[in-house]
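Structure file model.tsv with TSV, C-alpha atoms:
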```tsv
chain	number	residue	atom	x	y	z
I	29	MET	CA	-0.24	25.76	-25.91
I	30	LYS	CA	-1.21	23.06	-23.44
I	31	THR	CA	-1.57	23.75	-19.75
I	32	GLN	CA	0.53	21.96	-17.15
I	33	GLU	CA	-2.57	20.01	-16.13
I	34	GLU	CA	-3.13	18.83	-19.72
I	35	LEU	CA	0.50	17.78	-20.07
I	36	GLU	CA	0.36	15.85	-16.78
I	37	TYR	CA	-2.86	14.14	-17.89
I	38	GLU	CA	-1.26	13.07	-21.15
I	39	GLU	CA	1.75	11.65	-19.30
I	40	ARG	CA	-0.56	9.67	-16.99
I	41	VAL	CA	-2.49	8.27	-19.96
I	42	LYS	CA	0.75	7.30	-21.71
I	43	ARG	CA	2.02	5.57	-18.58
I	44	ARG	CA	-1.30	3.71	-18.23
I	45	VAL	CA	-1.26	2.56	-21.85
I	46	LEU	CA	2.28	1.25	-21.43
I	47	ILE	CA	1.26	-0.58	-18.24
I	48	LEU	CA	-1.68	-2.11	-20.11
I	49	ARG	CA	0.58	-3.19	-22.97
I	50	ASP	CA	3.06	-4.77	-20.55
I	51	LEU	CA	0.38	-6.60	-18.57
I	52	MET	CA	-1.16	-7.93	-21.77
I	53	THR	CA	2.25	-9.05	-23.03
I	54	GLU	CA	2.87	-10.83	-19.71
I	55	GLY	CA	-0.54	-12.50	-19.94
I	56	LYS	CA	-1.74	-10.90	-16.71
I	57	ILE	CA	-4.81	-9.34	-18.34
I	58	LYS	CA	-7.23	-11.32	-20.44
I	59	PHE	CA	-10.48	-10.21	-22.04
I	60	ALA	CA	-13.85	-11.86	-22.46
I	61	GLU	CA	-14.64	-13.19	-25.91
I	62	SER	CA	-17.55	-10.75	-26.17
I	63	MET	CA	-15.10	-7.82	-25.91
I	64	ARG	CA	-12.39	-9.22	-28.16
I	65	GLU	CA	-13.53	-7.86	-31.54
I	66	GLY	CA	-13.96	-4.27	-30.34
I	67	LEU	CA	-10.68	-4.36	-28.47
I	68	GLU	CA	-8.79	-5.76	-31.41
I	69	ASP	CA	-10.18	-2.94	-33.53
I	70	SER	CA	-9.11	-0.33	-30.95
I	71	PHE	CA	-5.66	-1.85	-30.50
I	72	SER	CA	-5.09	-2.11	-34.25
I	73	LYS	CA	-5.49	1.68	-34.49
I	74	ALA	CA	-3.09	2.42	-31.60
I	75	ARG	CA	0.31	3.71	-32.71
I	76	PHE	CA	3.59	4.16	-30.87
I	77	ASP	CA	6.44	6.51	-31.72
I	78	GLU	CA	10.10	5.56	-32.24
I	79	ASN	CA	10.68	5.77	-28.45
I	80	GLY	CA	7.83	3.35	-27.74
I	81	GLU	CA	5.54	6.10	-26.42
I	82	PRO	CA	1.87	5.85	-27.39
I	83	ASP	CA	0.52	8.44	-29.82
I	84	LEU	CA	-2.49	9.63	-27.83
I	85	SER	CA	-4.35	10.71	-30.96
I	86	THR	CA	-4.61	7.01	-31.81
I	87	ILE	CA	-5.67	5.82	-28.35
I	88	ASP	CA	-9.46	5.68	-28.07
I	89	GLY	CA	-11.68	5.80	-25.00
I	90	ARG	CA	-11.94	2.02	-24.78
I	91	ILE	CA	-8.18	1.62	-24.45
I	92	ARG	CA	-7.93	4.58	-22.07
I	93	SER	CA	-10.54	3.14	-19.73
I	94	ILE	CA	-9.01	-0.34	-19.77
I	95	ALA	CA	-5.58	1.24	-19.21
I	96	LEU	CA	-6.94	3.00	-16.12
I	97	ALA	CA	-8.06	-0.35	-14.72
I	98	ALA	CA	-4.70	-1.87	-15.66
I	99	GLU	CA	-2.89	0.88	-13.77
I	100	HIS	CA	-4.96	0.10	-10.67
I	101	PHE	CA	-4.24	-3.63	-11.02
I	102	ASP	CA	-0.53	-2.93	-11.43
I	103	TYR	CA	-0.47	-0.59	-8.41
I	104	ARG	CA	-2.19	-3.14	-6.17
I	105	SER	CA	0.20	-5.84	-7.32
I	106	LYS	CA	3.23	-3.68	-6.56
I	107	MET	CA	1.84	-2.68	-3.15
I	108	LYS	CA	1.22	-6.32	-2.30
I	109	ASP	CA	4.77	-7.22	-3.25
I	110	ALA	CA	6.35	-4.24	-1.47
I	111	ILE	CA	6.34	-5.94	1.93
I	112	SER	CA	4.97	-9.30	3.01
I	113	LEU	CA	2.30	-9.66	5.66
I	114	ASP	CA	4.77	-11.80	7.60
I	115	GLU	CA	7.34	-8.99	7.55
I	116	ILE	CA	4.73	-6.46	8.67
I	117	GLN	CA	3.77	-8.67	11.59
I	118	ARG	CA	7.35	-9.42	12.58
I	119	THR	CA	8.28	-5.72	12.50
I	120	TYR	CA	5.20	-4.71	14.51
I	121	PHE	CA	5.80	-7.31	17.21
I	122	THR	CA	9.50	-6.43	17.34
I	123	ILE	CA	8.50	-2.85	18.16
I	124	ILE	CA	6.13	-4.13	20.85
I	125	ASP	CA	8.80	-6.42	22.26
I	126	ARG	CA	11.52	-3.74	22.36
I	127	ASN	CA	9.28	-1.33	24.20
I	128	PHE	CA	7.36	-3.57	26.57
I	129	ASN	CA	9.32	-6.79	27.11
I	130	GLN	CA	11.04	-5.52	30.26
I	131	PHE	CA	7.67	-4.72	31.84
I	132	TYR	CA	6.29	-8.06	30.74
I	133	LYS	CA	9.21	-9.91	32.36
I	134	VAL	CA	8.67	-8.04	35.65
I	135	MET	CA	4.95	-8.78	35.51
I	136	VAL	CA	5.53	-12.50	34.93
I	137	GLY	CA	8.29	-12.61	37.53
I	138	LYS	CA	6.02	-11.12	40.18
I	139	LYS	CA	3.08	-13.26	39.03
I	140	LEU	CA	0.90	-10.25	38.28
I	141	THR	CA	-1.88	-9.89	35.73
I	142	PRO	CA	-1.93	-7.10	33.12
I	143	HIS	CA	-4.93	-5.67	34.95
I	144	GLN	CA	-3.02	-5.50	38.23
I	145	VAL	CA	-0.09	-3.72	36.57
I	146	ALA	CA	-2.36	-1.25	34.79
I	147	LYS	CA	-4.29	-0.56	37.97
I	148	HIS	CA	-1.06	0.04	39.90
I	149	ILE	CA	0.23	2.44	37.23
I	150	ALA	CA	-3.07	4.29	36.95
I	151	TYR	CA	-3.95	4.52	40.65
I	152	GLY	CA	-0.62	4.05	42.41
I	153	THR	CA	1.00	6.70	44.57
I	154	LYS	CA	3.86	7.52	42.19
I	155	ASP	CA	3.57	10.29	39.62
I	156	ILE	CA	3.48	8.82	36.09
I	157	ASP	CA	3.67	12.06	34.09
I	158	PHE	CA	7.23	11.14	33.10
I	159	LEU	CA	5.74	8.36	30.94
I	160	ASP	CA	4.46	11.02	28.51
I	161	GLU	CA	8.04	11.57	27.37
I	162	VAL	CA	8.34	7.89	26.49
I	163	ILE	CA	4.83	7.30	25.16
I	164	GLU	CA	4.69	10.22	22.70
I	165	PRO	CA	7.65	9.04	20.56
I	166	LEU	CA	6.39	5.46	20.71
I	167	LEU	CA	2.95	6.50	19.47
I	168	LYS	CA	4.62	8.56	16.74
I	169	ASP	CA	6.66	5.49	15.72
I	170	PHE	CA	3.51	3.36	15.54
I	171	GLN	CA	1.73	6.00	13.48
I	172	GLU	CA	4.65	6.25	11.03
I	173	PHE	CA	4.91	2.47	10.84
I	174	TRP	CA	1.24	2.02	9.96
I	175	GLU	CA	1.27	4.93	7.51
I	176	ALA	CA	4.14	3.20	5.73
I	177	VAL	CA	2.66	-0.31	5.59
I	178	SER	CA	-1.11	0.06	5.96
I	179	GLU	CA	-1.94	-0.10	2.28
I	180	SER	CA	0.17	-3.22	1.73
I	181	ALA	CA	-1.32	-4.78	4.87
I	182	TYR	CA	-4.85	-3.96	3.73
I	183	ILE	CA	-4.33	-5.38	0.25
I	184	GLN	CA	-2.78	-8.56	1.62
I	185	GLY	CA	-5.52	-8.83	4.23
I	186	CYS	CA	-8.10	-8.71	1.43
I	187	LEU	CA	-6.33	-11.59	-0.28
I	188	TRP	CA	-6.80	-13.79	2.81
I	189	ARG	CA	-10.56	-13.33	2.98
```

structure tokens encoding of this file:
Amino acid sequence: MKTQEELEYEERVKRRVLILRDLMTEGKIKFAESMREGLEDSFSKARFDENGEPDLSTIDGRIRSIALAAEHFDYRSKMKDAISLDEIQRTYFTIIDRNFNQFYKVMVGKKLTPHQVAKHIAYGTKDIDFLDEVIEPLLKDFQEFWEAVSESAYIQGCLWR
């Protein structure tokens, strides 16, 4: 009897092989001529059951390793498409605007610099401990925001280099 770990591994390999098949069908993965003969041999031995699931006893190491790379390619593509860099930026600056625009307007209205405002807050005579109640949830919101979008932002940032 197979362990839970073995069953999970087999499911991952099956999913990867199906991703590879789909990407090849869509023309998103192409192979060098030098690899073609060996790959054709490996793929000719691969079998699928009546439900379209790969029979892992017919999937060799070459297909498994290429399927692993295909899974990574597919994951990156889906992460990139999950949210646009433009949407990430607009959302981030909306958060900034909602939380700081009123202070910015006062600063501009009184013709102060950011340094002057910060200095007044830090060294002024009024107690600013009450700001902790406001800052903590804001920092938590920023942390949750970046945890949600950081991978998409990173992948898209790499595309712009």

Between atom CA of I:Tyr37 and atom CA of I:Phe71, what is the spacing in Å?
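Answer for the atom CA of I:Phe71 to atom CA of I:Tyr37 separation: 20.6 Å.
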
Within 12 Å of stretch 110-113 of chain I, counting only C-alpha atoms, which residues qualify if same-chain residues fewer than 2 places away don't, as a ChimeraX atom specification?
/I:103-108,115-120,176-188

Using only C-alpha atoms, find all polymer residues with an atom at most 12 Å away from the point (-7.9, 5.5, -24.2); report them as a compact mmCIF listing (two decimals) with C-alpha atoms, in the frame of the given file.
```
# COMPACT_ATOMS: atom_id res chain seq x y z
CA TYR I 37 -2.86 14.14 -17.89
CA GLU I 38 -1.26 13.07 -21.15
CA ARG I 40 -0.56 9.67 -16.99
CA VAL I 41 -2.49 8.27 -19.96
CA LYS I 42 0.75 7.30 -21.71
CA ARG I 43 2.02 5.57 -18.58
CA ARG I 44 -1.30 3.71 -18.23
CA VAL I 45 -1.26 2.56 -21.85
CA LEU I 46 2.28 1.25 -21.43
CA LEU I 48 -1.68 -2.11 -20.11
CA LEU I 67 -10.68 -4.36 -28.47
CA SER I 70 -9.11 -0.33 -30.95
CA PHE I 71 -5.66 -1.85 -30.50
CA LYS I 73 -5.49 1.68 -34.49
CA ALA I 74 -3.09 2.42 -31.60
CA ARG I 75 0.31 3.71 -32.71
CA PRO I 82 1.87 5.85 -27.39
CA ASP I 83 0.52 8.44 -29.82
CA LEU I 84 -2.49 9.63 -27.83
CA SER I 85 -4.35 10.71 -30.96
CA THR I 86 -4.61 7.01 -31.81
CA ILE I 87 -5.67 5.82 -28.35
CA ASP I 88 -9.46 5.68 -28.07
CA GLY I 89 -11.68 5.80 -25.00
CA ARG I 90 -11.94 2.02 -24.78
CA ILE I 91 -8.18 1.62 -24.45
CA ARG I 92 -7.93 4.58 -22.07
CA SER I 93 -10.54 3.14 -19.73
CA ILE I 94 -9.01 -0.34 -19.77
CA ALA I 95 -5.58 1.24 -19.21
CA LEU I 96 -6.94 3.00 -16.12
CA ALA I 97 -8.06 -0.35 -14.72
CA ALA I 98 -4.70 -1.87 -15.66
```

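With distances restricted to all atoms listed in the file, I:Val145 is the closest residue to I:Phe131 from I:Val145, I:Ser72, I:Ile156, I:Thr31.
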
For I:Glu81, the nearest of the candidates I:Glu99, I:Glu65, I:Arg49, I:Gly55, counting all atoms listed in the file:
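Selected residue with least distance to I:Glu81: I:Arg49.
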
May I have the residues within 12 Å of I:Pro142 as a PyMOL selection string, using only C-alpha atoms and disregarding those fewer than 4 positions away in the same chain?
chain I and resi 128+131-136+138+146-149
